[in-house]
$ cat final33.txt   # compact mmCIF, C-alpha atoms
# COMPACT_ATOMS: atom_id res chain seq x y z
CA MET A 1 0.00 0.00 0.00
CA PRO A 2 1.37 3.48 -0.89
CA ASN A 3 0.73 4.95 2.54
CA GLN A 4 2.66 2.28 4.42
CA LYS A 5 5.60 3.44 6.49
CA LEU A 6 8.84 1.57 5.91
CA VAL A 7 10.73 0.25 8.94
CA ALA A 8 14.26 -1.12 8.64
CA VAL A 9 15.01 -3.86 11.20
CA VAL A 10 18.71 -4.44 11.93
CA ASP A 11 19.50 -7.35 14.27
CA ASP A 12 21.88 -10.30 14.05
CA GLU A 13 19.35 -12.75 15.52
CA PRO A 14 17.19 -14.09 12.63
CA ASP A 15 14.40 -15.20 14.98
CA ILE A 16 14.06 -11.68 16.40
CA VAL A 17 14.15 -10.14 12.93
CA GLU A 18 11.44 -12.52 11.77
CA LEU A 19 9.26 -11.82 14.82
CA ILE A 20 9.56 -8.05 14.50
CA THR A 21 9.01 -7.92 10.73
CA TYR A 22 6.01 -10.26 10.97
CA SER A 23 4.43 -8.10 13.69
CA LEU A 24 5.11 -4.86 11.80
CA LYS A 25 3.56 -6.22 8.62
CA LYS A 26 0.47 -7.30 10.57
CA ASP A 27 0.22 -3.67 11.71
CA ASN A 28 0.38 -2.37 8.13
CA PHE A 29 4.06 -1.41 8.03
CA SER A 30 6.39 -2.45 5.24
CA THR A 31 9.83 -3.70 6.27
CA GLU A 32 13.41 -4.28 5.19
CA SER A 33 15.57 -6.56 7.34
CA PHE A 34 19.32 -6.84 7.89
CA THR A 35 21.47 -9.09 10.08
CA ASP A 36 24.65 -7.00 9.99
CA GLY A 37 25.53 -3.33 10.08
CA ILE A 38 27.48 -3.12 6.83
CA SER A 39 24.65 -4.40 4.63
CA PHE A 40 22.28 -1.96 6.30
CA MET A 41 24.60 1.00 5.68
CA ASN A 42 24.95 -0.06 2.04
CA TYR A 43 21.17 -0.08 1.78
CA LEU A 44 20.91 3.29 3.53
CA SER A 45 23.25 4.90 1.00
CA LYS A 46 20.53 4.53 -1.65
CA ASN A 47 17.29 4.24 0.33
CA ARG A 48 15.45 6.08 3.10
CA PRO A 49 13.27 4.12 5.53
CA ASP A 50 10.83 5.99 7.79
CA LEU A 51 12.33 4.48 10.96
CA VAL A 52 15.11 2.10 12.02
CA ILE A 53 15.01 -0.54 14.75
CA LEU A 54 18.69 -1.00 15.50
CA ASP A 55 20.45 -3.61 17.64
CA ILE A 56 23.63 -2.43 19.36
CA MET A 57 25.61 -5.70 19.18
CA LEU A 58 26.06 -6.34 15.45
CA PRO A 59 28.81 -8.06 13.45
CA GLY A 60 30.99 -5.88 11.27
CA LEU A 61 29.65 -2.53 12.39
CA SER A 62 28.04 -1.95 15.78
CA GLY A 63 24.76 -0.17 16.35
CA ILE A 64 26.65 2.61 18.15
CA GLU A 65 28.88 3.16 15.10
CA ILE A 66 25.84 3.13 12.82
CA CYS A 67 24.06 5.66 14.99
CA LYS A 68 27.07 8.00 14.81
CA LYS A 69 27.28 7.67 11.02
CA VAL A 70 23.55 8.24 10.53
CA ARG A 71 23.51 11.36 12.70
CA SER A 72 26.64 12.83 11.09
CA ASN A 73 25.24 12.49 7.56
CA PRO A 74 23.08 15.48 6.49
CA GLN A 75 20.93 13.13 4.40
CA THR A 76 20.01 10.86 7.32
CA LYS A 77 20.58 12.93 10.46
CA ASN A 78 16.85 13.20 11.25
CA LEU A 79 16.08 9.52 10.63
CA PRO A 80 14.14 8.12 13.63
CA ILE A 81 16.06 5.36 15.44
CA ILE A 82 14.93 2.94 18.14
CA ILE A 83 17.84 1.10 19.74
CA LEU A 84 17.13 -2.54 20.55
CA THR A 85 19.61 -4.33 22.78
CA ALA A 86 20.15 -6.75 25.62
CA LYS A 87 22.11 -4.13 27.56
CA ASP A 88 20.10 -2.58 30.37
CA THR A 89 22.38 -0.20 32.25
CA GLU A 90 21.69 3.51 32.71
CA THR A 91 25.03 4.28 31.01
CA ASP A 92 24.08 2.35 27.89
CA LYS A 93 20.70 4.03 27.74
CA VAL A 94 22.12 7.53 28.09
CA LEU A 95 24.87 6.75 25.55
CA GLY A 96 22.32 5.59 23.00
CA LEU A 97 20.20 8.68 23.48
CA GLU A 98 23.23 10.98 23.47
CA LEU A 99 24.19 9.56 20.09
CA GLY A 100 20.79 10.58 18.82
CA ALA A 101 18.55 7.55 19.26
CA ASP A 102 14.90 8.47 19.68
CA ASP A 103 14.05 5.59 21.99
CA TYR A 104 15.55 2.53 23.67
CA VAL A 105 13.97 -0.93 24.04
CA VAL A 106 15.60 -3.69 26.09
CA LYS A 107 15.55 -7.41 25.25
CA PRO A 108 13.57 -9.44 26.08
CA PHE A 109 10.76 -7.17 24.99
CA SER A 110 7.04 -7.22 24.36
CA VAL A 111 6.30 -7.05 20.62
CA LYS A 112 3.16 -5.10 21.40
CA GLU A 113 5.22 -2.56 23.35
CA LEU A 114 7.80 -2.31 20.56
CA ILE A 115 5.12 -1.60 17.94
CA SER A 116 3.66 1.02 20.28
CA ARG A 117 7.10 2.64 20.56
CA VAL A 118 7.48 2.62 16.76
CA LYS A 119 4.17 4.42 16.34
CA SER A 120 4.99 6.89 19.13
CA VAL A 121 8.41 7.79 17.71
CA MET A 122 7.00 8.19 14.20
CA ARG A 123 4.18 10.36 15.46
CA ARG A 124 6.54 12.61 17.43
CA THR A 125 9.02 12.86 14.56
CA TYR A 126 6.61 13.65 11.77
CA GLU A 127 4.35 15.87 13.85
CA ARG A 128 7.44 17.83 14.80
CA GLU A 129 8.40 18.14 11.15
CA SER A 130 4.96 19.41 10.19
CA GLU A 131 5.12 22.03 12.95
CA GLU A 132 8.49 23.30 11.83
CA GLU A 133 7.32 25.74 9.19
CA LYS A 134 10.20 28.08 9.97
CA LYS A 135 13.50 26.64 8.86
CA THR A 136 15.47 28.80 11.26
CA ILE A 137 15.06 30.37 14.68
CA ASP A 138 16.88 33.70 14.90
CA TYR A 139 17.65 35.73 17.99
CA ARG A 140 20.11 38.50 17.29
CA GLY A 141 23.36 36.65 16.48
CA LEU A 142 22.04 33.23 17.51
CA VAL A 143 20.77 31.24 14.51
CA ILE A 144 19.28 27.76 14.89
CA ASP A 145 18.84 26.07 11.51
CA ARG A 146 16.33 23.26 11.85
CA GLU A 147 16.86 22.00 8.33
CA LYS A 148 20.67 21.84 8.47
CA PHE A 149 20.66 20.91 12.17
CA THR A 150 23.25 23.62 12.90
CA VAL A 151 23.68 26.45 15.40
CA GLN A 152 25.64 29.63 14.77
CA VAL A 153 26.69 32.29 17.24
CA ASP A 154 27.61 35.58 15.58
CA GLY A 155 28.38 33.77 12.33
CA LYS A 156 30.47 30.98 13.87
CA ASN A 157 29.30 27.36 13.98
CA VAL A 158 28.73 25.83 17.42
CA ASP A 159 29.09 22.08 17.90
CA LEU A 160 26.11 20.75 19.87
CA THR A 161 25.14 17.14 20.43
CA VAL A 162 21.77 16.01 19.07
CA THR A 163 20.18 16.24 22.52
CA GLU A 164 21.67 19.69 23.21
CA PHE A 165 20.42 20.94 19.83
CA ARG A 166 16.91 19.69 20.47
CA ILE A 167 16.73 21.22 23.97
CA LEU A 168 17.91 24.59 22.64
CA GLU A 169 15.44 24.34 19.77
CA ILE A 170 12.56 23.56 22.15
CA LEU A 171 13.33 26.55 24.38
CA ALA A 172 14.09 29.05 21.60
CA SER A 173 11.07 28.04 19.50
CA LYS A 174 8.77 29.52 22.17
CA PRO A 175 10.60 32.59 23.53
CA ASP A 176 9.82 33.49 27.17
CA ARG A 177 7.64 30.42 27.64
CA VAL A 178 8.57 28.29 30.65
CA PHE A 179 9.13 24.59 29.99
CA SER A 180 9.19 22.18 32.90
CA ARG A 181 11.91 19.55 32.96
CA ASP A 182 9.26 16.88 32.46
CA SER A 183 7.81 18.66 29.41
CA ILE A 184 11.29 18.90 27.86
CA LEU A 185 11.85 15.18 28.48
CA GLU A 186 8.42 14.47 27.00
CA LYS A 187 9.27 16.40 23.83
CA LEU A 188 12.61 14.63 23.55
CA TRP A 189 11.55 11.06 24.24
CA GLY A 190 7.80 10.96 24.82
CA SER A 191 6.12 9.10 27.66
CA GLU A 192 8.78 6.37 27.43
CA LYS A 193 11.50 8.66 28.82
CA ILE A 194 14.10 6.71 30.74
CA VAL A 195 16.37 9.39 32.18
CA ILE A 196 15.84 11.47 35.28
CA ASP A 197 14.78 15.09 34.93
CA ARG A 198 18.07 16.38 36.41
CA THR A 199 19.77 15.15 33.23
CA ILE A 200 18.27 18.26 31.61
CA ASP A 201 20.21 20.46 34.05
CA VAL A 202 23.50 18.90 32.89
CA HIS A 203 22.63 19.54 29.25
CA ILE A 204 21.62 23.14 29.99
CA VAL A 205 25.03 23.85 31.57
CA LYS A 206 26.79 22.56 28.44
CA ILE A 207 24.49 24.49 26.09
CA ARG A 208 25.09 27.74 27.98
CA GLU A 209 28.85 27.25 27.73
CA LYS A 210 28.72 26.51 24.01
CA ILE A 211 26.49 29.41 22.91
CA GLY A 212 28.57 32.00 24.75
CA LYS A 213 26.90 35.32 25.55
CA TYR A 214 23.49 33.93 24.58
CA GLY A 215 23.78 31.37 27.36
CA LYS A 216 22.47 34.00 29.78
CA ASN A 217 19.17 33.99 27.88
CA ILE A 218 18.48 30.47 29.11
CA LYS A 219 16.94 31.17 32.48
CA ALA A 220 16.17 28.70 35.23
CA VAL A 221 12.71 29.07 36.73
CA ARG A 222 13.02 27.80 40.28
CA GLY A 223 11.08 24.65 40.99
CA ILE A 224 9.77 24.41 37.41
CA GLY A 225 12.29 24.32 34.57
CA TYR A 226 13.72 26.67 31.97
CA LYS A 227 12.87 29.34 29.41
CA PHE A 228 14.67 31.22 26.66
CA GLU A 229 14.27 34.85 27.74
CA THR A 230 14.24 37.60 25.13
CA SER A 231 12.79 40.47 27.15

$ encode --input "final33.txt" --output "structure tokens"
Amino acid sequence: MPNQKLVAVVDDEPDIVELITYSLKKDNFSTESFTDGISFMNYLSKNRPDLVILDIMLPGLSGIEICKKVRSNPQTKNLPIIILTAKDTETDKVLGLELGADDYVVKPFSVKELISRVKSVMRRTYERESEEEKKTIDYRGLVIDREKFTVQVDGKNVDLTVTEFRILEILASKPDRVFSRDSILEKLWGSEKIVIDRTIDVHIVKIREKIGKYGKNIKAVRGIGYKFETS
């Protein structure tokens, strides 16, 4: 069907690939499956799925390496990714999200839950795209380019991580509006958020440092969260 969303499933366990692809097809998704990272990256060089379910432990090229390559490529940097892995430590979760994954599902998993996560990530991603009518957010010498995924301060590029970029974008897109830590986490990762709200504080410190004099525009609102102040 022409309106089907295409999900790429990358996992070195054939049984898991078969289970996931079967369940996705039952839910009206189309699929492409891969059991190693290199074949997936070859496919990605010529094709664009709507979402990727990506295992971390892969032969040839790990899921972490793939995530880095996808996010560093202008053609694929906004591709939704759900990391699927047997690792279940807080460090692994934060690392996956820091590299730009949109969600994180731990094996063994419920297929029903995974499909729900797929739909949630797609909805957040494509709703966000439809809302982004303005390609850039400009405040004096601070320019946030949503299309190129870049930030400039007085004409000079600033290197932000994916998460830092998205937090700055959220705050600057609604000047002077206060966002709670929970609402920022919700916008980043939806109801399936897996990191504590104080993680936002750490990111804010780094963002302020990186955007220089405009860092003072990011104001903490005691007991609530943050806002990008322009007044």

$ atom_distance --input "final33.txt" --atom1 "CA of Lys219 (chain A)" --atom2 "CA of Gly100 (chain A)"
25.0 Å

$ atom_distance --input "final33.txt" --atom1 "CA of Asp11 (chain A)" --atom2 "CA of Trp189 (chain A)"
22.4 Å

$ atom_distance --input "final33.txt" --atom1 "CA of Thr76 (chain A)" --atom2 "CA of Leu54 (chain A)"
14.5 Å

$ residues_near_point --input "final33.txt" --point "(2.4, -1.8, 12.4)" --cutoff "10 Å" --atoms "all atoms listed in the file" --output "ChimeraX atom specification"
/A:4-7,20-31,112,114-116,118-119

$ write_last_selection --input "final33.txt" --atoms "C-alpha atoms" --output "mmCIF file, keeping the file's coordinate frame"
data_model
loop_
_atom_site.group_PDB
_atom_site.id
_atom_site.type_symbol
_atom_site.label_atom_id
_atom_site.label_comp_id
_atom_site.auth_asym_id
_atom_site.auth_seq_id
_atom_site.Cartn_x
_atom_site.Cartn_y
_atom_site.Cartn_z
ATOM 1 C CA GLN A 4 2.660 2.280 4.420
ATOM 2 C CA LYS A 5 5.600 3.440 6.490
ATOM 3 C CA LEU A 6 8.840 1.570 5.910
ATOM 4 C CA VAL A 7 10.730 0.250 8.940
ATOM 5 C CA ILE A 20 9.560 -8.050 14.500
ATOM 6 C CA THR A 21 9.010 -7.920 10.730
ATOM 7 C CA TYR A 22 6.010 -10.260 10.970
ATOM 8 C CA SER A 23 4.430 -8.100 13.690
ATOM 9 C CA LEU A 24 5.110 -4.860 11.800
ATOM 10 C CA LYS A 25 3.560 -6.220 8.620
ATOM 11 C CA LYS A 26 0.470 -7.300 10.570
ATOM 12 C CA ASP A 27 0.220 -3.670 11.710
ATOM 13 C CA ASN A 28 0.380 -2.370 8.130
ATOM 14 C CA PHE A 29 4.060 -1.410 8.030
ATOM 15 C CA SER A 30 6.390 -2.450 5.240
ATOM 16 C CA THR A 31 9.830 -3.700 6.270
ATOM 17 C CA LYS A 112 3.160 -5.100 21.400
ATOM 18 C CA LEU A 114 7.800 -2.310 20.560
ATOM 19 C CA ILE A 115 5.120 -1.600 17.940
ATOM 20 C CA SER A 116 3.660 1.020 20.280
ATOM 21 C CA VAL A 118 7.480 2.620 16.760
ATOM 22 C CA LYS A 119 4.170 4.420 16.340
#

$ residues_near_point --input "final33.txt" --point "(14.7, 4.6, 3.2)" --cutoff "10 Å" --atoms "all atoms listed in the file" --output "list of chain:residue names"
A:Lys5, A:Leu6, A:Val7, A:Ala8, A:Glu32, A:Tyr43, A:Leu44, A:Ser45, A:Lys46, A:Asn47, A:Arg48, A:Pro49, A:Asp50, A:Leu51, A:Val52, A:Thr76, A:Leu79

$ closest_residue --input "final33.txt" --among "A:Met41, A:Gly212, A:Leu99, A:Ile224" --to "Val178 (chain A)" --atoms "all atoms listed in the file"
A:Ile224

$ residues_around --input "final33.txt" --residues "Thr150 (chain A)" --least-positions-apart "6" --cutoff "9 Å" --atoms "all atoms listed in the file" --output "number ranges by chain"
A: 143-144, 157-160, 165

$ residues_around --input "final33.txt" --residues "Ile204 (chain A)" --least-positions-apart "3" --cutoff "10 Å" --atoms "all atoms listed in the file" --output "list in words"
Glu164, Ile167, Leu168, Arg198, Thr199, Ile200, Asp201, Ile207, Arg208, Glu209, Lys210, Gly215, Ile218, Lys219, Ala220 and Tyr226 of chain A

$ write_last_selection --input "final33.txt" --atoms "C-alpha atoms" --output "CSV table (one decimal), in the coordinates of the input"
chain,number,residue,atom,x,y,z
A,164,GLU,CA,21.7,19.7,23.2
A,167,ILE,CA,16.7,21.2,24.0
A,168,LEU,CA,17.9,24.6,22.6
A,198,ARG,CA,18.1,16.4,36.4
A,199,THR,CA,19.8,15.2,33.2
A,200,ILE,CA,18.3,18.3,31.6
A,201,ASP,CA,20.2,20.5,34.0
A,207,ILE,CA,24.5,24.5,26.1
A,208,ARG,CA,25.1,27.7,28.0
A,209,GLU,CA,28.8,27.2,27.7
A,210,LYS,CA,28.7,26.5,24.0
A,215,GLY,CA,23.8,31.4,27.4
A,218,ILE,CA,18.5,30.5,29.1
A,219,LYS,CA,16.9,31.2,32.5
A,220,ALA,CA,16.2,28.7,35.2
A,226,TYR,CA,13.7,26.7,32.0

$ closest_residue --input "final33.txt" --among "A:Ala86, A:Val111, A:Arg123, A:Phe40" --to "Ile66 (chain A)" --atoms "only C-alpha atoms"
A:Phe40

$ closest_residue --input "final33.txt" --among "A:Tyr126, A:Ile82, A:Ile137, A:Glu169" --to "Val106 (chain A)" --atoms "only C-alpha atoms"
A:Ile82
